[in-house]
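S.K.: Questions regarding the structure given below will be posed in turn.
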Amino acid sequence: MAVCPVYRFDGRQWLDLRGRVPEYQMAVSYRVLSYNIWFHGCNDTLSDDWLPRQQALLSEMRGADADFLCLQEVTAPFLELLLHQDWVRKDYNVSDLTGENTFSSWYGVFIASRVPVHKLELLAVPTGLGRSVLVAHLNVAGPERLAVATAHLESPVGPSSAMIRLQQLQCAMEYFNMQRITTGLFMGDFNVTDEEPMKRCWQRFGWTDLNDNSSTWFSHHWRPDRILLRSAIYACEGDVAEVIGKRETGLQVKGSGGIVKTPSDHFALAATLRLRASALPAAAHPATQPAQVAAGVVGSSLRTWSLENSMEAVTADSPLVFNSVNANGNVQGVNWMNVTEVVGALNTDPSLWSGSDCYVYSQKRKRWYKLWTSGQDRYWDLKQTRELPEVEPSLVFHAVKAPTQAVAMLNADATLWSAKTCYVYSEYYGRWYKLWAVGQTRGHYQ
């Protein structure tokens, strides 16, 4: 068993966050995606159809809007492409940068998580092909222990490798028990050919297969891919995983069973997990049906909080507030007349500020602005500015450590907060955020 780095992009580079991961309150819901993305076209040289197919894969992944991306048959070139996506850099912790930490051959498995990962482990299993199980332990507050794992069980497909796949599955099940994981997700390409012995194994350990018996293989009916769930407090929405990734790309790529017209020769699986009504805070569901809870509707309130309705905010004492220092070492220019002056100063003397973004208060407009650079030459531009609200102390929501926690709590219990706006400090990012609700409450639109 090997402990692996956990990486997060800080706006300039990927950093290993082991030992510096914030604690996270359990969310009301999580969405997961499992996808064997097919290593085809990535040999000594990339095939002509490789990049268009990867772009189709990325489109499916982004559209799934998953909290956890669990991928199999990931290659180093795809990993490089994935890690350059703005949406990945903004939202996800990742398990590898090049493949050297988690791959045992030229391809392997990969996890990207929106939730802070406390520990990432690579579990060794019996294998002739260098296969392993990648497990992300989530840094969740409280007694509940959550983990998400992915694997690509042994090939070749067929009876010859059925026994070793069963042994790999058994090792994973025993590991979750040994780690006392109370809510676990285990997903990936299990290459299932001998279903009954594998089914007996995961059921014996208390896991449920989120299987609707549909195919996840492009050329004939076969369900090699699975999402297994074990939890007393979460349930899968609709009881089964959704099969996605079936849209044709316009490409025709030769696969092992015919012509592949979809992004991969496997289809993807997506599932949404929600807290059971019995696990929600008591005030959140006394007179509310489960369907209403799932929709974020509590009692008579139709008001909804969302990360889409959020923006960065600023305080005057933030370390990101731009100050310049004169020759005597005294801070000057805390309140600049306008943003134009600051842009000019930063471009004239790059040593004034080492970061890639900063906050500036404009005396002329009596407003705060965020500025950020672009390119390797660190050029500051007025086009790259945004007005920011200042945090209102009376509207600070102190009960959480991140906006994601606030959204989950406020949607679960409408009695927690009466105002339509709140401010939340993210310990992970070291920044303030403004959140606002949309919809109706007590007969009035907020």
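Convention: chains lettered A, B, ... in structure tokens order; per-chain residue numbering from 1; ligands numbered from 1 as shown.
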Residues of range 185-369 of chain A classed as alpha helix (DSSP H) by DSSP on the backbone are to be reported as a list of chain:residue names.
M.R.: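 Residues meeting the alpha helix (DSSP H) criterion: A:Glu195, A:Glu196, A:Pro197, A:Met198, A:Lys199, A:Arg200, A:Cys201, A:Trp202, A:Gln203, A:Arg204, A:Pro290, A:Ala291, A:Gln292, A:Val293, A:Ala294, A:Val339, A:Thr340, A:Glu341, A:Val342, A:Val343, A:Gly344, A:Ala345, A:Leu346, A:Asn347, A:Thr348.
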S.K.: Set the distance at 10 Å and use only C-alpha atoms: which residues neighbour range 202-217 of chain A once local chain neighbours fewer than 6 positions away are removed? I'd like the list as an mmCIF file with C-alpha atoms, in the first residue's frame.
M.R.:
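What follows is the written file out-v8.cif:
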data_model
loop_
_atom_site.group_PDB
_atom_site.id
_atom_site.type_symbol
_atom_site.label_atom_id
_atom_site.label_comp_id
_atom_site.auth_asym_id
_atom_site.auth_seq_id
_atom_site.Cartn_x
_atom_site.Cartn_y
_atom_site.Cartn_z
ATOM 1 C CA TYR A 35 -15.275 6.269 -17.254
ATOM 2 C CA ASN A 36 -12.862 3.950 -19.056
ATOM 3 C CA LEU A 166 -12.390 -11.994 -7.939
ATOM 4 C CA LEU A 169 -12.346 -7.450 -5.693
ATOM 5 C CA GLN A 170 -11.961 -9.398 -2.430
ATOM 6 C CA ALA A 172 -10.676 -4.098 -2.131
ATOM 7 C CA MET A 173 -13.667 -5.179 -0.020
ATOM 8 C CA GLU A 174 -11.428 -6.271 2.854
ATOM 9 C CA PHE A 176 -12.669 -0.924 3.080
ATOM 10 C CA ASN A 177 -13.587 -3.015 6.126
ATOM 11 C CA GLY A 184 -17.811 3.952 0.343
ATOM 12 C CA LEU A 185 -17.965 4.202 -3.428
ATOM 13 C CA PHE A 186 -16.005 1.712 -5.505
ATOM 14 C CA MET A 187 -16.234 2.071 -9.268
ATOM 15 C CA ASP A 189 -13.980 -1.115 -15.300
ATOM 16 C CA ARG A 223 -21.794 -4.436 -18.475
ATOM 17 C CA PRO A 224 -18.069 -4.424 -17.634
ATOM 18 C CA ASP A 225 -18.331 -1.119 -15.727
ATOM 19 C CA ARG A 226 -19.826 -0.837 -12.254
ATOM 20 C CA ILE A 227 -20.482 1.617 -9.428
ATOM 21 C CA LEU A 228 -20.768 -0.057 -6.024
ATOM 22 C CA LEU A 229 -22.121 1.788 -2.975
ATOM 23 C CA ARG A 230 -22.084 0.971 0.714
ATOM 24 C CA SER A 231 -23.686 3.526 3.019
ATOM 25 C CA CYS A 236 -28.528 6.629 -5.121
ATOM 26 C CA GLY A 238 -33.261 6.630 -8.923
ATOM 27 C CA ASP A 239 -31.535 3.582 -7.367
ATOM 28 C CA VAL A 240 -29.292 2.964 -10.398
ATOM 29 C CA ALA A 241 -26.432 4.655 -12.218
ATOM 30 C CA GLU A 242 -27.087 6.500 -15.462
ATOM 31 C CA VAL A 243 -25.269 5.369 -18.617
ATOM 32 C CA ILE A 244 -23.823 8.345 -20.515
ATOM 33 C CA GLY A 245 -21.147 8.884 -23.156
ATOM 34 C CA LYS A 246 -23.214 7.298 -25.916
ATOM 35 C CA GLY A 257 -15.047 -5.279 -31.552
ATOM 36 C CA SER A 264 -14.650 5.631 -25.909
ATOM 37 C CA ASP A 265 -15.293 1.944 -26.504
ATOM 38 C CA HIS A 266 -16.858 2.035 -23.023
ATOM 39 C CA PHE A 267 -19.837 4.149 -22.040
ATOM 40 C CA ALA A 268 -19.573 6.105 -18.797
ATOM 41 C CA LEU A 269 -21.554 5.688 -15.599
ATOM 42 C CA ALA A 270 -22.849 8.620 -13.551
ATOM 43 C CA ALA A 271 -24.756 8.577 -10.277
#
S.K.: Which residue, A:Glu312, A:Glu100, A:Glu387, A:Glu237, has the smallest gap to Arg276 in chain A when you use only C-alpha atoms?
M.R.: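 Result for the nearest residue to Arg276 in chain A: A:Glu237.
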S.K.: Using only C-alpha atoms, find the one residue out of A:Lys434, A:His221, A:Arg386, A:Arg378 that sits nearest to Met311 in chain A.
M.R.: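 Checking each candidate against Met311 in chain A, we get A:Lys434 as the closest.
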S.K.: Compile the contact shell of range 67-74 of chain A as an MDAnalysis selection string: residues with an atom at most 10 Å away, counting only C-alpha atoms, same-chain residues fewer than 4 positions apart removed.
M.R.: chainID A and resid 29:40 61:62 78:79 91:94 99 103 106:115 134 136 148:153 186:189 268:270 272
S.K.: Going by DSSP on the backbone, which residues of range 149-338 of chain A come out as strand (DSSP E)? List them as JSON, numbers by chain.
M.R.: {"A": [149, 150, 151, 152, 183, 184, 185, 186, 187, 188, 189, 208, 209, 225, 226, 227, 228, 229, 230, 234, 235, 236, 242, 243, 244, 253, 254, 255, 258, 259, 260, 268, 269, 270, 271, 272, 273, 274, 275, 310, 311, 312, 313, 324, 325, 331, 332, 335, 336]}
S.K.: From the options A:Pro263, A:Gly63, A:Pro77, A:Gly344, which residue's atoms come nearest to Tyr379 in chain A, counting only C-alpha atoms?
M.R.: A:Gly344
S.K.: So that I can see what lies close to Leu346 in chain A, please list as a list in words the residues with an atom at most 10 Å from it, counting only C-alpha atoms and leaving out residues fewer than 3 positions away in the same chain.
M.R.: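 So the residues in contact are Phe322, Ser324, Glu341, Val342, Val343, Asp349, Pro350, Ser351, Leu352, Trp353, Ser354, Thr373, Arg378, Tyr379, Trp380 and Asp381 of chain A.
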S.K.: Write out the residues from the selection above, keeping C-alpha atoms, as a PDB file, in the first residue's frame.
M.R.:
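Final output, selection-v1.pdb:
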ATOM      1  CA  PHE A 322      -2.249  45.553  -2.877  1.00  0.00           C
ATOM      2  CA  SER A 324       3.359  49.302  -2.350  1.00  0.00           C
ATOM      3  CA  GLU A 341      -2.726  53.918 -11.274  1.00  0.00           C
ATOM      4  CA  VAL A 342      -2.214  50.467  -9.809  1.00  0.00           C
ATOM      5  CA  VAL A 343      -2.048  48.768 -13.221  1.00  0.00           C
ATOM      6  CA  ASP A 349       7.795  47.679 -11.328  1.00  0.00           C
ATOM      7  CA  PRO A 350       6.876  43.933 -11.261  1.00  0.00           C
ATOM      8  CA  SER A 351       8.695  43.538  -7.931  1.00  0.00           C
ATOM      9  CA  LEU A 352       5.874  45.423  -6.188  1.00  0.00           C
ATOM     10  CA  TRP A 353       3.691  42.325  -6.170  1.00  0.00           C
ATOM     11  CA  SER A 354       4.662  38.649  -6.431  1.00  0.00           C
ATOM     12  CA  THR A 373      -2.287  38.973 -14.692  1.00  0.00           C
ATOM     13  CA  ARG A 378       2.881  38.899 -15.964  1.00  0.00           C
ATOM     14  CA  TYR A 379       1.245  41.816 -17.763  1.00  0.00           C
ATOM     15  CA  TRP A 380      -1.521  43.607 -15.864  1.00  0.00           C
ATOM     16  CA  ASP A 381      -4.420  44.876 -17.937  1.00  0.00           C
TER      17      ASP A 381
END
S.K.: What's the separation between CA of Cys42 in chain A and CA of Ala64 in chain A, in Å to one decimal place?
M.R.: 24.5 Å
S.K.: Using only C-alpha atoms, determine which residues lie at most 6 Å from range 413-424 of chain A, disregarding the query and same-chain residues fewer than 4 positions distant; provide the list as a PDB file with N, CA and C atoms, in the first residue's frame.
M.R.:
ATOM      1  N   ALA A 284     -34.834  19.865   9.193  1.00  0.00           N
ATOM      2  CA  ALA A 284     -34.878  19.976   7.738  1.00  0.00           C
ATOM      3  C   ALA A 284     -36.002  19.179   7.122  1.00  0.00           C
ATOM      4  N   LEU A 395     -23.491  39.775   8.120  1.00  0.00           N
ATOM      5  CA  LEU A 395     -24.027  38.724   7.256  1.00  0.00           C
ATOM      6  C   LEU A 395     -23.036  37.567   7.084  1.00  0.00           C
ATOM      7  N   VAL A 396     -22.052  37.484   7.958  1.00  0.00           N
ATOM      8  CA  VAL A 396     -21.090  36.380   7.863  1.00  0.00           C
ATOM      9  C   VAL A 396     -21.720  35.111   8.440  1.00  0.00           C
ATOM     10  N   PHE A 397     -21.672  34.039   7.663  1.00  0.00           N
ATOM     11  CA  PHE A 397     -22.180  32.736   8.089  1.00  0.00           C
ATOM     12  C   PHE A 397     -21.005  31.960   8.680  1.00  0.00           C
ATOM     13  N   PRO A 403     -17.697  27.540   1.071  1.00  0.00           N
ATOM     14  CA  PRO A 403     -18.995  27.811   0.441  1.00  0.00           C
ATOM     15  C   PRO A 403     -19.789  26.555   0.145  1.00  0.00           C
ATOM     16  N   TRP A 432     -12.712  35.221   0.871  1.00  0.00           N
ATOM     17  CA  TRP A 432     -14.122  35.377   1.218  1.00  0.00           C
ATOM     18  C   TRP A 432     -14.985  35.234  -0.034  1.00  0.00           C
ATOM     19  N   TYR A 433     -16.218  34.762   0.179  1.00  0.00           N
ATOM     20  CA  TYR A 433     -17.171  34.635  -0.929  1.00  0.00           C
ATOM     21  C   TYR A 433     -18.546  35.134  -0.477  1.00  0.00           C
ATOM     22  N   LYS A 434     -19.219  35.759  -1.409  1.00  0.00           N
ATOM     23  CA  LYS A 434     -20.604  36.183  -1.184  1.00  0.00           C
ATOM     24  C   LYS A 434     -21.524  35.164  -1.852  1.00  0.00           C
ATOM     25  N   LEU A 435     -22.545  34.711  -1.121  1.00  0.00           N
ATOM     26  CA  LEU A 435     -23.551  33.801  -1.652  1.00  0.00           C
ATOM     27  C   LEU A 435     -24.917  34.468  -1.558  1.00  0.00           C
ATOM     28  N   TRP A 436     -25.752  34.186  -2.521  1.00  0.00           N
ATOM     29  CA  TRP A 436     -27.118  34.702  -2.445  1.00  0.00           C
ATOM     30  C   TRP A 436     -28.100  33.649  -2.933  1.00  0.00           C
ATOM     31  N   ALA A 437     -29.296  33.691  -2.361  1.00  0.00           N
ATOM     32  CA  ALA A 437     -30.330  32.700  -2.677  1.00  0.00           C
ATOM     33  C   ALA A 437     -31.269  33.235  -3.757  1.00  0.00           C
TER      34      ALA A 437
END
S.K.: May I have the residues within 12 Å of Gly128 in chain A as a list of chain:residue names, using only C-alpha atoms and disregarding those fewer than 3 positions away in the same chain?
M.R.: A:Ser104, A:Ser105, A:Ala124, A:Val125, A:Arg131, A:Ser132, A:Leu153, A:Glu154, A:Ser155, A:Pro156, A:Ser161, A:Ile164, A:Arg165, A:Gln168
S.K.: When you look at Ala162 in chain A with a cut-off of 8 Å (counting only C-alpha atoms), what residues show up, excluding the ones that are within fewer than 5 positions of it in the same chain? I need them as a PyMOL selection string.
M.R.: chain A and resi 157+193-194
